[in-house]
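Enquirer: Got a structure here, written out as structure tokens. Questions coming.
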Amino acid sequence: MTDHAHDLACVREATERLLTAVAKLDNASLAEPSRLPGWSRGHVLAHLARNADALVNVLEGRPMYASAEVRDADIERDAPRPLDVQLADLRASAAHFQAPGDAPADWSRTVELRNGVTDSASRVPFRRWAEVDLHHVDLGIGYELEDLPAEFTEREIDFLARRFAGHKDVPSTGLSAGDGRNWTTGGGADGAPVTAEGTPADLLGWLAGRRDGSGLTTDGTLPKLPPL
């Protein structure tokens with residue numbers, strides 16, 4: 001089983017990195033576009049705060065969000081808030097997430113996330129880690145995929161490669177970091193198999209929809225991955 005206590009500690013570290021970086025911004029910079037289409041930096045921060053609350057719901061057996069519409073409306077409502085309010089909410093929601101995470105529980109139990117997706121409770125802290133660190137990159141404030149902890153990058157590549165394994169729209173795709181680490185994804189669609197090699201950051205960037213794959217060396221055309 002995944003070491004949830006280790007991952008909770010990593011979430012704390014990632015959150016502190018995020019808070020330290022965001023505290024150097026100002027209100028005007030929060031209104032500027034993030035790297036996510038249609039979202040300002042304020043939208044990204046609002047999403048991170050509400051996602052922490054949503055994962056508490058998951059751990060406590062409630063629906064992750066009341067509905068997709070409520071989720072989106074909450075982000076739109078909270079996006080324009082000034083920096084001090086955003087920071088306070090990020091801190092409070094992070095503490096809210098850690099509280100049930102630190103409590104004794106059956107971490108082998110199955111929990112339900114969005115859209116009927118289920119997973120082990122022990123994997124929820126890693127999912128939160130991914131939210132915090134990838135969205136830190138999405139802010140476009142100097143934290144890049146290359147700056148992510150090596151452990152996180154490898155585990156997220158593993159996770160995303162498995163997520164797209166057998167997907168009906170993705171041909172078989174072999175991935176290599178060029179150092180003996182290899183992954184396979186796709187395989188559920190017609191088309192010639194393709195291989196791609198690159199740095200872990202570029203592999204993760206392509207799998208996570210943060211890069212177009214142009215930094216990878218391929219022997220064919222990379223498939224278009226479905227949205228996460």
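Every chain in the structure tokens has a letter given in the order shown (A, B, ...), and although residue numbers restart at 1 in each chain, ligands are simply numbered from 1 in the order shown.
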Mind listing the strand (DSSP E or B) residues of range 53-145 of chain A, per DSSP on the backbone, as a VMD selection string?
Expert: chain A and resid 110 to 112 118 to 120
Enquirer: Taking 6 positions as the minimum chain separation for residues in the same chain, which residues sit within 12 Å of Leu48 in chain A when counting only C-alpha atoms? Answer as a ChimeraX atom specification.
Expert: /A:15,18-19,41-42,54-55,71,74-75,78-79,86-87,89-94,97,127-136,138-139
Enquirer: Could you state the separation of CA of Gly166 in chain A and CA of Thr153 in chain A in Å, given to one decimal place?
Expert: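 Calculated distance between CA of Gly166 in chain A and CA of Thr153 in chain A is 21.9 Å.
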Enquirer: Which residues are close to range 158-162 of chain A, i.e. within 8 Å by only C-alpha atoms, leaving aside same-chain residues fewer than 4 positions away? Reply as a list in words.
Expert: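 The neighbour list is Glu154, Trp183, Thr184, Thr185, Gly186, Leu207 and Ala208 of chain A.
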Enquirer: Can you write just those residues out, N, CA, C and O atoms, as a PDB file, in the first residue's frame?
Expert:
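Output below, filename again_6.pdb:
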ATOM      1  N   GLU A 154       8.822  10.876 -11.146  1.00  0.00           N
ATOM      2  CA  GLU A 154       8.778   9.461 -11.545  1.00  0.00           C
ATOM      3  C   GLU A 154       7.442   8.831 -11.193  1.00  0.00           C
ATOM      4  O   GLU A 154       6.859   8.104 -12.000  1.00  0.00           O
ATOM      5  N   TRP A 183       8.490   3.209 -19.674  1.00  0.00           N
ATOM      6  CA  TRP A 183       7.066   3.064 -19.413  1.00  0.00           C
ATOM      7  C   TRP A 183       6.351   2.746 -20.722  1.00  0.00           C
ATOM      8  O   TRP A 183       6.853   3.057 -21.809  1.00  0.00           O
ATOM      9  N   THR A 184       5.173   2.151 -20.622  1.00  0.00           N
ATOM     10  CA  THR A 184       4.326   1.920 -21.786  1.00  0.00           C
ATOM     11  C   THR A 184       2.935   2.439 -21.466  1.00  0.00           C
ATOM     12  O   THR A 184       2.423   2.224 -20.361  1.00  0.00           O
ATOM     13  N   THR A 185       2.336   3.110 -22.428  1.00  0.00           N
ATOM     14  CA  THR A 185       0.974   3.593 -22.230  1.00  0.00           C
ATOM     15  C   THR A 185       0.183   3.377 -23.513  1.00  0.00           C
ATOM     16  O   THR A 185       0.725   2.960 -24.540  1.00  0.00           O
ATOM     17  N   GLY A 186      -1.101   3.683 -23.485  1.00  0.00           N
ATOM     18  CA  GLY A 186      -1.941   3.469 -24.659  1.00  0.00           C
ATOM     19  C   GLY A 186      -2.111   1.993 -24.961  1.00  0.00           C
ATOM     20  O   GLY A 186      -2.072   1.144 -24.075  1.00  0.00           O
ATOM     21  N   LEU A 207       2.684  13.887 -20.838  1.00  0.00           N
ATOM     22  CA  LEU A 207       1.622  13.072 -20.255  1.00  0.00           C
ATOM     23  C   LEU A 207       0.601  13.922 -19.506  1.00  0.00           C
ATOM     24  O   LEU A 207      -0.598  13.613 -19.509  1.00  0.00           O
ATOM     25  N   ALA A 208       1.070  14.990 -18.862  1.00  0.00           N
ATOM     26  CA  ALA A 208       0.191  15.828 -18.047  1.00  0.00           C
ATOM     27  C   ALA A 208      -0.433  16.980 -18.834  1.00  0.00           C
ATOM     28  O   ALA A 208      -1.123  17.819 -18.254  1.00  0.00           O
TER      29      ALA A 208
END
Enquirer: I'd like to know which residues of range 9-43 of chain A are helix (DSSP H, G or I) (by DSSP, run on the backbone); could you write them as an NGL selection string?
Expert: :A and (9-22 or 27-30 or 41-43)
Enquirer: Grab the residues selected above and save them as a short mmCIF file (atom, residue, chain, number, x, y, z; two decimals), in the first residue's frame with all heavy atoms.
Expert:
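Generated file (result30.cif):
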data_model
loop_
_atom_site.label_atom_id
_atom_site.label_comp_id
_atom_site.auth_asym_id
_atom_site.auth_seq_id
_atom_site.Cartn_x
_atom_site.Cartn_y
_atom_site.Cartn_z
N ALA A 9 3.53 14.23 4.30
CA ALA A 9 4.68 15.10 4.58
C ALA A 9 5.12 15.82 3.31
O ALA A 9 5.47 17.01 3.34
CB ALA A 9 5.83 14.29 5.16
N CYS A 10 5.08 15.13 2.18
CA CYS A 10 5.45 15.75 0.90
C CYS A 10 4.44 16.82 0.49
O CYS A 10 4.82 17.84 -0.10
CB CYS A 10 5.59 14.68 -0.18
SG CYS A 10 6.97 13.54 0.07
N VAL A 11 3.17 16.60 0.81
CA VAL A 11 2.15 17.62 0.55
C VAL A 11 2.45 18.88 1.35
O VAL A 11 2.35 20.00 0.84
CB VAL A 11 0.74 17.10 0.86
CG1 VAL A 11 -0.29 18.23 0.78
CG2 VAL A 11 0.34 15.98 -0.09
N ARG A 12 2.82 18.71 2.61
CA ARG A 12 3.16 19.87 3.44
C ARG A 12 4.32 20.65 2.82
O ARG A 12 4.28 21.88 2.74
CB ARG A 12 3.56 19.42 4.85
CG ARG A 12 2.43 18.90 5.71
CD ARG A 12 2.90 18.69 7.15
NE ARG A 12 1.89 18.05 7.96
CZ ARG A 12 1.83 16.74 8.19
NH1 ARG A 12 2.75 15.94 7.66
NH2 ARG A 12 0.89 16.23 8.95
N GLU A 13 5.36 19.94 2.40
CA GLU A 13 6.52 20.60 1.81
C GLU A 13 6.13 21.32 0.52
O GLU A 13 6.54 22.47 0.29
CB GLU A 13 7.61 19.57 1.52
CG GLU A 13 8.22 18.96 2.77
CD GLU A 13 9.16 17.81 2.45
OE1 GLU A 13 9.41 17.54 1.25
OE2 GLU A 13 9.66 17.17 3.40
N ALA A 14 5.35 20.67 -0.33
CA ALA A 14 4.93 21.29 -1.59
C ALA A 14 4.07 22.52 -1.32
O ALA A 14 4.18 23.54 -2.02
CB ALA A 14 4.17 20.27 -2.45
N THR A 15 3.20 22.44 -0.31
CA THR A 15 2.34 23.58 0.03
C THR A 15 3.16 24.74 0.54
O THR A 15 2.89 25.91 0.19
CB THR A 15 1.30 23.14 1.07
OG1 THR A 15 0.51 22.06 0.56
CG2 THR A 15 0.38 24.31 1.42
N GLU A 16 4.17 24.48 1.34
CA GLU A 16 5.02 25.56 1.84
C GLU A 16 5.79 26.22 0.69
O GLU A 16 5.96 27.45 0.67
CB GLU A 16 5.99 25.03 2.90
CG GLU A 16 5.33 24.75 4.23
CD GLU A 16 4.58 25.97 4.80
OE1 GLU A 16 5.15 27.08 4.78
OE2 GLU A 16 3.43 25.81 5.22
N ARG A 17 6.27 25.42 -0.26
CA ARG A 17 6.93 25.99 -1.45
C ARG A 17 5.98 26.92 -2.18
O ARG A 17 6.34 28.03 -2.59
CB ARG A 17 7.39 24.89 -2.41
CG ARG A 17 8.66 24.20 -2.06
CD ARG A 17 9.20 23.40 -3.24
NE ARG A 17 8.29 22.36 -3.70
CZ ARG A 17 8.26 21.12 -3.23
NH1 ARG A 17 9.08 20.76 -2.25
NH2 ARG A 17 7.42 20.24 -3.73
N LEU A 18 4.76 26.45 -2.36
CA LEU A 18 3.75 27.24 -3.06
C LEU A 18 3.45 28.53 -2.32
O LEU A 18 3.44 29.62 -2.91
CB LEU A 18 2.48 26.41 -3.23
CG LEU A 18 1.28 27.14 -3.82
CD1 LEU A 18 1.49 27.37 -5.31
CD2 LEU A 18 0.00 26.36 -3.57
N LEU A 19 3.20 28.44 -1.02
CA LEU A 19 2.85 29.62 -0.24
C LEU A 19 3.99 30.64 -0.23
O LEU A 19 3.75 31.86 -0.35
CB LEU A 19 2.50 29.22 1.19
CG LEU A 19 1.18 28.48 1.39
CD1 LEU A 19 1.09 27.90 2.79
CD2 LEU A 19 0.00 29.39 1.11
N THR A 20 5.22 30.17 -0.11
CA THR A 20 6.37 31.07 -0.12
C THR A 20 6.47 31.81 -1.45
O THR A 20 6.73 33.02 -1.48
CB THR A 20 7.67 30.29 0.14
OG1 THR A 20 7.59 29.69 1.44
CG2 THR A 20 8.88 31.19 0.08
N ALA A 21 6.24 31.09 -2.54
CA ALA A 21 6.33 31.71 -3.87
C ALA A 21 5.18 32.68 -4.11
O ALA A 21 5.37 33.79 -4.61
CB ALA A 21 6.34 30.63 -4.95
N VAL A 22 3.97 32.29 -3.74
CA VAL A 22 2.80 33.13 -3.99
C VAL A 22 2.85 34.40 -3.14
O VAL A 22 2.40 35.47 -3.58
CB VAL A 22 1.51 32.33 -3.72
CG1 VAL A 22 0.28 33.25 -3.76
CG2 VAL A 22 1.36 31.21 -4.75
N ASN A 27 -1.52 41.77 -6.00
CA ASN A 27 -2.88 41.60 -6.47
C ASN A 27 -2.96 41.63 -8.00
O ASN A 27 -3.71 40.86 -8.61
CB ASN A 27 -3.79 42.67 -5.89
CG ASN A 27 -4.00 42.49 -4.40
OD1 ASN A 27 -3.89 41.38 -3.87
ND2 ASN A 27 -4.29 43.59 -3.70
N ALA A 28 -2.20 42.52 -8.62
CA ALA A 28 -2.25 42.64 -10.08
C ALA A 28 -1.77 41.36 -10.75
O ALA A 28 -2.35 40.92 -11.76
CB ALA A 28 -1.40 43.83 -10.54
N SER A 29 -0.72 40.75 -10.21
CA SER A 29 -0.19 39.54 -10.84
C SER A 29 -1.14 38.36 -10.70
O SER A 29 -1.13 37.45 -11.54
CB SER A 29 1.19 39.19 -10.27
OG SER A 29 1.11 38.89 -8.90
N LEU A 30 -1.98 38.36 -9.68
CA LEU A 30 -2.96 37.28 -9.54
C LEU A 30 -4.02 37.35 -10.64
O LEU A 30 -4.59 36.33 -11.01
CB LEU A 30 -3.65 37.35 -8.18
CG LEU A 30 -2.83 36.98 -6.95
CD1 LEU A 30 -3.74 36.85 -5.74
CD2 LEU A 30 -2.03 35.71 -7.15
N ARG A 41 -4.12 33.44 -12.59
CA ARG A 41 -3.44 32.84 -11.43
C ARG A 41 -4.41 32.72 -10.25
O ARG A 41 -4.33 31.78 -9.47
CB ARG A 41 -2.23 33.67 -11.05
CG ARG A 41 -1.10 33.62 -12.08
CD ARG A 41 0.15 34.32 -11.58
NE ARG A 41 1.23 34.24 -12.56
CZ ARG A 41 1.75 35.28 -13.19
NH1 ARG A 41 1.30 36.51 -12.94
NH2 ARG A 41 2.72 35.11 -14.07
N GLY A 42 -5.31 33.68 -10.14
CA GLY A 42 -6.30 33.61 -9.07
C GLY A 42 -7.20 32.40 -9.21
O GLY A 42 -7.59 31.78 -8.20
N HIS A 43 -7.54 32.02 -10.43
CA HIS A 43 -8.34 30.81 -10.64
C HIS A 43 -7.58 29.57 -10.15
O HIS A 43 -8.17 28.68 -9.52
CB HIS A 43 -8.66 30.63 -12.13
CG HIS A 43 -9.76 31.50 -12.64
ND1 HIS A 43 -9.52 32.77 -13.14
CD2 HIS A 43 -11.09 31.29 -12.76
CE1 HIS A 43 -10.67 33.29 -13.54
NE2 HIS A 43 -11.64 32.42 -13.31
#
Enquirer: Can you work out the spacing between CA of Ser172 in chain A and CA of Gly188 in chain A in Å, to one decimal?
Expert: 7.1 Å
Enquirer: Return the single residue from A:Pro193, A:Gly116, A:Gly174, A:Gly140 that is closest to Tyr65 in chain A, with distances computed using only C-alpha atoms.
Expert: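 Among the listed residues, A:Gly116 lies closest to Tyr65 in chain A.
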Enquirer: Near Arg181 in chain A, within 12 Å and counting only C-alpha atoms, which residues show up once chain neighbours fewer than 6 positions away are dropped, as a list in words?
Expert: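 Using only C-alpha atoms, the neighbours found are Glu154, Arg155, Ile157, Asp158, Gly174, Leu175, Glu197, Gly198, Thr199, Pro200 and Leu203 of chain A.
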Enquirer: Find the spatial neighbours of Thr195 in chain A, counting only C-alpha atoms, within a cut-off of 8 Å - ignore same-chain residues fewer than 4 positions away - and output them as a ChimeraX atom specification.
Expert: /A:173-176,218-220
Enquirer: Pick from A:Glu69, A:Asp169, A:Asp53, A:Asp202: nearest to Ala95 in chain A, with only C-alpha atoms counted?
Expert: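 Comparing A:Glu69, A:Asp169, A:Asp53, A:Asp202 against Ala95 in chain A, the winner is A:Asp53.
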Enquirer: If you measure from CA of Leu145 in chain A to CA of Gly209 in chain A, what distance in Å do you get, rounded to one decimal?
Expert: 11.8 Å
Enquirer: Name the closest residue to Leu113 in chain A among the candidates A:Leu25, A:Ala5, A:Val58, A:Ala99; distances are taken between atoms, counting only C-alpha atoms.
Expert: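 Among A:Leu25, A:Ala5, A:Val58, A:Ala99, it is A:Val58 that comes nearest to Leu113 in chain A.
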